[in-house]
>>> print(open('upload29.csv').read())   # CSV, C-alpha atoms
chain,number,residue,atom,x,y,z
A,11,MET,CA,16.5,-23.9,-17.4
A,12,SER,CA,19.7,-24.5,-15.4
A,13,GLU,CA,21.2,-21.6,-13.5
A,14,GLN,CA,24.7,-21.1,-12.3
A,15,ALA,CA,24.8,-21.9,-8.6
A,16,TYR,CA,25.5,-19.0,-6.3
A,17,GLN,CA,27.9,-19.8,-3.5
A,18,PRO,CA,27.4,-17.3,-0.6
A,19,PRO,CA,30.5,-15.9,1.0
A,20,LYS,CA,31.3,-16.6,4.6
A,21,VAL,CA,30.5,-12.9,5.4
A,22,TRP,CA,28.2,-10.8,3.2
A,23,LYS,CA,29.4,-7.4,2.1
A,24,TRP,CA,27.5,-4.6,0.7
A,25,GLU,CA,28.7,-3.9,-2.9
A,26,THR,CA,26.9,-1.2,-4.8
A,27,PRO,CA,25.3,-1.0,-7.2
A,28,ASN,CA,23.5,-4.3,-6.5
A,29,GLY,CA,21.3,-4.1,-9.7
A,30,GLY,CA,17.6,-3.8,-10.2
A,31,GLU,CA,15.2,-0.9,-10.4
A,32,PHE,CA,15.5,0.1,-6.8
A,33,ALA,CA,19.3,-0.4,-6.4
A,34,SER,CA,19.9,3.3,-5.8
A,35,ILE,CA,17.8,3.4,-2.6
A,36,ASN,CA,18.5,-0.1,-1.2
A,37,ARG,CA,21.0,-0.2,1.7
A,38,PRO,CA,21.7,-2.5,4.7
A,39,ILE,CA,21.6,0.3,7.3
A,40,ALA,CA,18.9,2.5,8.8
A,41,GLY,CA,18.8,6.2,9.6
A,42,PRO,CA,18.7,9.4,7.6
A,43,THR,CA,20.9,10.2,4.7
A,44,HIS,CA,20.2,13.9,4.7
A,45,ASP,CA,18.6,16.7,6.6
A,46,LYS,CA,15.1,17.6,5.5
A,47,VAL,CA,12.2,19.0,7.5
A,48,LEU,CA,8.8,17.6,6.6
A,49,PRO,CA,6.1,20.1,5.6
A,50,VAL,CA,3.1,20.6,7.9
A,51,GLY,CA,-0.3,21.7,6.6
A,52,LYS,CA,-3.4,23.1,8.3
A,53,HIS,CA,-5.3,19.8,9.0
A,54,PRO,CA,-5.2,17.6,12.1
A,55,LEU,CA,-3.7,14.7,10.1
A,56,GLN,CA,-0.5,14.9,8.1
A,57,LEU,CA,0.2,12.1,5.7
A,58,TYR,CA,3.5,11.5,4.1
A,59,SER,CA,3.2,8.9,1.3
A,60,LEU,CA,3.2,7.6,-2.2
A,61,ALA,CA,0.4,5.7,-4.0
A,62,THR,CA,1.9,2.3,-3.8
A,63,PRO,CA,-0.4,-0.6,-2.7
A,64,ASN,CA,0.7,0.1,0.9
A,65,GLY,CA,0.3,3.9,0.6
A,66,VAL,CA,-3.1,3.7,-1.1
A,67,LYS,CA,-4.6,1.9,2.0
A,68,VAL,CA,-4.4,5.0,4.2
A,69,ASN,CA,-5.6,7.3,1.4
A,70,ILE,CA,-8.7,5.2,1.0
A,71,MET,CA,-9.3,5.0,4.7
A,72,LEU,CA,-9.1,8.8,5.1
A,73,GLU,CA,-11.4,9.4,2.2
A,74,GLU,CA,-13.9,6.8,3.6
A,75,LEU,CA,-13.9,8.5,7.0
A,76,LEU,CA,-14.5,11.9,5.4
A,77,ALA,CA,-17.3,10.4,3.3
A,78,GLN,CA,-18.9,9.2,6.6
A,79,GLY,CA,-18.8,12.8,7.9
A,80,HIS,CA,-15.8,12.5,10.2
A,81,GLU,CA,-14.5,16.1,9.9
A,82,GLY,CA,-11.6,15.3,12.2
A,83,ALA,CA,-10.2,13.1,9.5
A,84,GLU,CA,-9.3,16.0,7.3
A,85,TYR,CA,-5.7,15.6,6.1
A,86,ASP,CA,-2.8,17.0,4.2
A,87,ALA,CA,-1.2,14.4,1.9
A,88,TRP,CA,2.4,15.2,1.1
A,89,LEU,CA,4.3,13.3,-1.7
A,90,ILE,CA,7.2,11.2,-0.7
A,91,ARG,CA,9.2,10.2,-3.8
A,92,ILE,CA,10.8,7.0,-2.7
A,93,GLY,CA,12.8,6.7,-5.9
A,94,ASP,CA,14.5,9.9,-5.0
A,95,GLY,CA,15.2,8.8,-1.4
A,96,ASP,CA,12.8,11.2,0.3
A,97,GLN,CA,12.1,8.6,2.9
A,98,PHE,CA,15.6,8.9,4.2
A,99,GLY,CA,15.3,12.6,5.0
A,100,SER,CA,15.7,13.3,8.7
A,101,GLY,CA,12.1,14.5,9.2
A,102,PHE,CA,10.6,11.4,7.7
A,103,VAL,CA,12.9,9.1,9.7
A,104,GLU,CA,11.6,10.9,12.9
A,105,VAL,CA,8.1,9.9,11.9
A,106,ASN,CA,9.0,6.4,10.7
A,107,PRO,CA,12.5,5.1,11.7
A,108,ASN,CA,11.9,2.2,9.2
A,109,SER,CA,11.9,4.7,6.3
A,110,LYS,CA,8.9,3.3,4.6
A,111,ILE,CA,5.7,4.9,3.4
A,112,PRO,CA,3.0,5.6,4.6
A,113,ALA,CA,3.7,7.6,7.7
A,114,LEU,CA,1.2,9.7,9.6
A,115,MET,CA,1.4,12.5,12.2
A,116,ASP,CA,-1.8,13.1,14.2
A,117,ARG,CA,-1.6,16.7,15.4
A,118,SER,CA,-5.1,16.9,16.7
A,119,GLY,CA,-4.1,16.8,20.4
A,120,GLU,CA,-1.6,18.7,22.6
A,121,THR,CA,1.2,16.3,21.7
A,122,PRO,CA,1.6,15.0,18.1
A,123,VAL,CA,1.4,11.3,17.7
A,124,ARG,CA,3.4,9.5,15.1
A,125,VAL,CA,1.9,6.4,13.5
A,126,PHE,CA,3.8,4.2,11.0
A,127,GLU,CA,3.2,0.9,9.2
A,128,SER,CA,0.0,0.8,7.1
A,129,GLY,CA,-1.8,-1.7,9.3
A,130,SER,CA,-1.1,0.2,12.4
A,131,ILE,CA,-2.4,3.4,10.8
A,132,LEU,CA,-5.6,1.7,9.6
A,133,LEU,CA,-6.2,0.3,13.1
A,134,TYR,CA,-5.3,3.7,14.7
A,135,LEU,CA,-7.8,5.6,12.6
A,136,ALA,CA,-10.5,2.9,12.9
A,137,GLU,CA,-10.3,3.2,16.7
A,138,LYS,CA,-9.9,6.9,16.8
A,139,PHE,CA,-13.1,7.5,14.8
A,140,GLY,CA,-15.0,4.3,15.7
A,141,ALA,CA,-15.4,3.4,12.0
A,142,PHE,CA,-14.7,0.5,9.6
A,143,LEU,CA,-14.0,-2.0,12.4
A,144,PRO,CA,-16.9,-4.1,13.6
A,145,LYS,CA,-18.1,-3.5,17.2
A,146,GLU,CA,-19.2,-7.0,17.9
A,147,PHE,CA,-16.3,-9.0,19.3
A,148,LYS,CA,-16.3,-12.0,16.9
A,149,ALA,CA,-16.7,-9.8,13.8
A,150,ARG,CA,-13.9,-7.5,15.0
A,151,THR,CA,-11.6,-10.4,15.6
A,152,GLU,CA,-12.3,-11.7,12.1
A,153,ALA,CA,-11.5,-8.2,10.6
A,154,LEU,CA,-8.3,-8.2,12.5
A,155,ASN,CA,-7.5,-11.7,11.4
A,156,TRP,CA,-7.6,-10.6,7.8
A,157,LEU,CA,-5.9,-7.3,8.4
A,158,PHE,CA,-2.9,-9.1,9.9
A,159,TRP,CA,-3.1,-11.8,7.2
A,160,GLN,CA,-2.5,-9.1,4.6
A,161,MET,CA,0.5,-7.7,6.6
A,162,GLY,CA,2.1,-11.1,6.7
A,163,SER,CA,1.2,-12.3,3.2
A,164,ALA,CA,1.7,-9.3,0.9
A,165,PRO,CA,5.5,-9.2,1.3
A,166,TYR,CA,5.6,-12.5,-0.6
A,167,VAL,CA,3.6,-10.8,-3.4
A,168,GLY,CA,5.5,-7.5,-3.5
A,169,GLY,CA,9.0,-8.4,-2.3
A,170,GLY,CA,8.8,-11.9,-3.8
A,171,PHE,CA,6.6,-12.2,-6.9
A,172,GLY,CA,6.6,-8.5,-7.9
A,173,HIS,CA,10.3,-8.2,-7.5
A,174,PHE,CA,11.4,-11.2,-9.4
A,175,TYR,CA,8.7,-11.0,-12.1
A,176,ALA,CA,8.8,-7.3,-12.7
A,177,TYR,CA,11.8,-5.5,-11.2
A,178,ALA,CA,14.8,-7.8,-10.9
A,179,PRO,CA,17.5,-7.1,-13.5
A,180,GLU,CA,17.4,-10.7,-14.7
A,181,LYS,CA,14.7,-13.3,-14.9
A,182,PHE,CA,15.3,-16.5,-13.0
A,183,GLU,CA,13.0,-19.5,-13.1
A,184,TYR,CA,13.3,-20.7,-9.5
A,185,PRO,CA,12.2,-17.5,-7.6
A,186,ILE,CA,9.5,-16.6,-10.2
A,187,ASN,CA,8.0,-20.1,-9.9
A,188,ARG,CA,8.4,-20.0,-6.1
A,189,PHE,CA,6.6,-16.7,-5.6
A,190,THR,CA,4.1,-17.2,-8.3
A,191,MET,CA,3.0,-20.4,-6.6
A,192,GLU,CA,2.6,-18.5,-3.3
A,193,THR,CA,0.8,-15.6,-4.9
A,194,LYS,CA,-1.7,-17.9,-6.5
A,195,ARG,CA,-2.1,-19.8,-3.3
A,196,GLN,CA,-3.0,-16.6,-1.5
A,197,LEU,CA,-5.5,-15.6,-4.2
A,198,ASP,CA,-7.1,-19.0,-3.7
A,199,VAL,CA,-7.3,-18.4,0.0
A,200,LEU,CA,-9.2,-15.2,-0.7
A,201,ASN,CA,-11.3,-16.7,-3.4
A,202,ARG,CA,-12.5,-19.5,-1.1
A,203,HIS,CA,-13.3,-17.1,1.7
A,204,LEU,CA,-15.1,-14.6,-0.5
A,205,ALA,CA,-17.3,-17.4,-1.9
A,206,GLU,CA,-19.2,-17.3,1.4
A,207,ASN,CA,-18.6,-13.6,2.4
A,208,THR,CA,-19.5,-10.3,0.8
A,209,TYR,CA,-16.5,-8.7,2.5
A,210,MET,CA,-13.5,-10.0,4.4
A,211,ALA,CA,-15.2,-9.9,7.8
A,212,GLY,CA,-18.7,-10.9,6.6
A,213,ASP,CA,-21.3,-8.4,5.5
A,214,GLU,CA,-19.5,-5.3,6.8
A,215,TYR,CA,-16.9,-3.4,4.9
A,216,SER,CA,-13.9,-2.9,7.1
A,217,ILE,CA,-10.2,-2.0,7.4
A,218,ALA,CA,-9.5,-5.6,6.3
A,219,ASP,CA,-11.0,-4.9,2.9
A,220,ILE,CA,-9.2,-1.5,2.7
A,221,ALA,CA,-5.9,-3.2,3.5
A,222,ILE,CA,-6.3,-6.2,1.1
A,223,TYR,CA,-7.8,-4.4,-1.9
A,224,PRO,CA,-4.8,-2.4,-3.1
A,225,TRP,CA,-2.7,-5.6,-3.3
A,226,TYR,CA,-5.0,-8.4,-4.3
A,227,GLY,CA,-7.6,-6.3,-6.0
A,228,GLY,CA,-4.8,-4.8,-8.0
A,229,LEU,CA,-3.7,-8.3,-9.0
A,230,VAL,CA,-7.1,-9.5,-10.2
A,231,GLU,CA,-7.7,-6.2,-12.0
A,232,GLY,CA,-4.5,-6.7,-13.9
A,233,ARG,CA,-2.9,-3.4,-12.5
A,234,ASN,CA,-0.2,-4.8,-10.3
A,235,TYR,CA,3.0,-5.8,-12.1
A,236,ASP,CA,1.0,-6.1,-15.4
A,237,ALA,CA,0.7,-9.8,-14.4
A,238,GLY,CA,-3.0,-10.5,-14.8
A,239,GLU,CA,-2.6,-12.9,-17.8
A,240,PHE,CA,0.5,-14.6,-16.2
A,241,LEU,CA,-1.4,-15.3,-13.0
A,242,ALA,CA,-4.6,-16.3,-14.8
A,243,VAL,CA,-6.6,-14.0,-12.5
A,244,HIS,CA,-9.8,-14.9,-14.3
A,245,GLU,CA,-9.8,-18.1,-12.2
A,246,TYR,CA,-10.5,-16.1,-9.0
A,247,LYS,CA,-14.2,-15.1,-9.7
A,248,ASN,CA,-15.0,-14.3,-6.1
A,249,VAL,CA,-12.0,-12.0,-5.7
A,250,GLN,CA,-12.9,-10.3,-8.9
A,251,ARG,CA,-16.5,-9.7,-7.7
A,252,TRP,CA,-15.3,-8.3,-4.4
A,253,ALA,CA,-12.6,-6.1,-6.0
A,254,ALA,CA,-15.1,-4.7,-8.6
A,255,ASN,CA,-17.5,-3.8,-5.8
A,256,ILE,CA,-14.8,-2.0,-3.8
A,257,ALA,CA,-13.4,-0.2,-6.9
A,258,GLU,CA,-16.8,1.5,-7.4
A,259,ARG,CA,-16.8,3.2,-4.1
A,260,PRO,CA,-16.3,6.9,-4.5
A,261,ALA,CA,-13.9,7.2,-1.6
A,262,VAL,CA,-11.7,4.4,-3.1
A,263,LYS,CA,-11.6,6.2,-6.5
A,264,ARG,CA,-10.5,9.4,-4.7
A,265,GLY,CA,-8.0,7.6,-2.5
A,266,ARG,CA,-6.3,5.9,-5.4
A,267,MET,CA,-5.6,9.3,-6.9
A,268,VAL,CA,-3.8,10.8,-3.8
A,269,ASN,CA,0.0,10.9,-4.0
A,270,ARG,CA,-0.2,9.1,-7.4
A,271,THR,CA,2.7,9.9,-9.8
A,272,PHE,CA,1.9,7.4,-12.6
A,273,GLY,CA,-0.9,6.7,-15.1
A,274,GLU,CA,-3.3,9.2,-16.6
A,275,LEU,CA,-2.6,12.8,-15.5
A,276,SER,CA,-6.3,13.2,-14.7
A,277,GLU,CA,-5.9,10.5,-12.0
A,278,GLN,CA,-2.8,12.0,-10.4
A,279,LEU,CA,-3.2,14.2,-7.4
A,280,HIS,CA,0.4,14.6,-6.2
A,281,GLU,CA,-0.6,16.4,-3.0
A,282,ARG,CA,-4.0,16.7,-1.3
A,283,HIS,CA,-4.9,19.6,1.0
A,284,ASP,CA,-8.6,20.1,0.3
A,285,ALA,CA,-11.5,18.1,-1.1
A,286,SER,CA,-11.6,20.5,-4.0
A,287,ASP,CA,-8.1,19.4,-5.1
A,288,PHE,CA,-9.7,16.4,-6.8
A,289,GLU,CA,-11.4,18.7,-9.2
A,290,LEU,CA,-8.8,21.5,-9.4
A,291,ARG,CA,-5.3,20.2,-8.7
A,292,THR,CA,-4.9,17.0,-10.7
A,293,GLN,CA,-1.9,17.0,-12.9
A,294,ASP,CA,-3.9,17.5,-16.1
A,295,LYS,CA,-5.4,20.7,-14.6
A,296,ILE,CA,-2.2,22.3,-13.3
A,297,GLY,CA,-0.3,21.5,-16.5
A,298,THR,CA,2.7,19.7,-15.2
A,299,ASP,CA,3.9,16.2,-14.6
A,300,ASP,CA,6.6,17.2,-12.1
>>> encode(input="upload29.csv", output="structure tokens")
Amino acid sequence: MSEQAYQPPKVWKWETPNGGEFASINRPIAGPTHDKVLPVGKHPLQLYSLATPNGVKVNIMLEELLAQGHEGAEYDAWLIRIGDGDQFGSGFVEVNPNSKIPALMDRSGETPVRVFESGSILLYLAEKFGAFLPKEFKARTEALNWLFWQMGSAPYVGGGFGHFYAYAPEKFEYPINRFTMETKRQLDVLNRHLAENTYMAGDEYSIADIAIYPWYGGLVEGRNYDAGEFLAVHEYKNVQRWAANIAERPAVKRGRMVNRTFGELSEQLHERHDASDFELRTQDKIGTDD
């Protein structure tokens, strides 16, 4: 299919609306658009997020820490509706000047510590609690290799493949082919690695798995972008085995529910302030989908 060539202007100018599902919140400048103080709950950790693949990582990590008995990992999870522009409120921008979820405030010490970017949050929590990061130097390095692999690779999946396949206002062959090729290449990287490893860093479940699962597990499970058939995810048997193993972990099941605003109401826990919320405060229990 031929496409009309686009000739870029000498100087790009922001002309709104620019089209697409997220046109209303995309802009070429940083900083807050409105004043809004973030809520603060009773727990040491305050999480401000949404259950996107990036957001789910931290939810899972916190639930895994609690499952291990780390009481200091108790947290309040506050819903940030990115479609409504909550991430541009002044309070959120103070926690993350990049206006992206997830963002975390650690209030366990005398001075609150802000932590932003999902990989940084995972590493921060792993080091704070001494969990889900191998102690042995070589294995630790391998876990960090894969953690940072995810940070560098997933934007091609989300901002590349996901955008042009699922969200762009028009379908164009070139970008879909370009980013489908890259997404399948990345799945093949994982598939080859997991042919010889139970988890990303060997036999030990780590923050590398927690980071990678929401993106690539979601792909092979057919959840992300409804693209399982298009990507022929059945080809990646080792990734499917690994993803199915992680999906059965109770903490993963709970983490996927936190700050979730889509899917079955019984799987949506818009805010999490206590472990009992999973039983008592899902959207089917409180009788609203707001």
>>> closest_residue(input="upload29.csv", among="A:Gly265, A:Gly170, A:Gly228, A:Gly82", to="Pro185 in chain A", atoms="all atoms listed in the file")
A:Gly170
>>> residues_around(input="upload29.csv", residues="range 157-168 of chain A", least_positions_apart="6", cutoff="10 Å", atoms="all atoms listed in the file", output="JSON, numbers by chain")
{"A": [63, 64, 127, 128, 129, 130, 132, 133, 151, 174, 175, 176, 188, 189, 190, 192, 193, 194, 196, 210, 211, 216, 217, 218, 219, 220, 221, 222, 223, 225, 226, 229, 234, 235]}
>>> residues_around(input="upload29.csv", residues="Leu60 in chain A", least_positions_apart="3", cutoff="9 Å", atoms="only C-alpha atoms", output="number ranges by chain")
A: 63-66, 88-92, 111-112, 268-271, 280
>>> write_last_selection(input="upload29.csv", atoms="C-alpha atoms", output="tab-separated table (two decimals), in the frame of the given file")
chain	number	residue	atom	x	y	z
A	63	PRO	CA	-0.40	-0.60	-2.70
A	64	ASN	CA	0.70	0.10	0.90
A	65	GLY	CA	0.30	3.90	0.60
A	66	VAL	CA	-3.10	3.70	-1.10
A	88	TRP	CA	2.40	15.20	1.10
A	89	LEU	CA	4.30	13.30	-1.70
A	90	ILE	CA	7.20	11.20	-0.70
A	91	ARG	CA	9.20	10.20	-3.80
A	92	ILE	CA	10.80	7.00	-2.70
A	111	ILE	CA	5.70	4.90	3.40
A	112	PRO	CA	3.00	5.60	4.60
A	268	VAL	CA	-3.80	10.80	-3.80
A	269	ASN	CA	0.00	10.90	-4.00
A	270	ARG	CA	-0.20	9.10	-7.40
A	271	THR	CA	2.70	9.90	-9.80
A	280	HIS	CA	0.40	14.60	-6.20
>>> atom_distance(input="upload29.csv", atom1="CA of Glu183 in chain A", atom2="CA of Pro18 in chain A")
19.2 Å
>>> residues_near_point(input="upload29.csv", point="(-4.1, 14.9, 10.6)", cutoff="8 Å", atoms="all atoms listed in the file", output="number ranges by chain")
A: 53-57, 82-86, 114-118
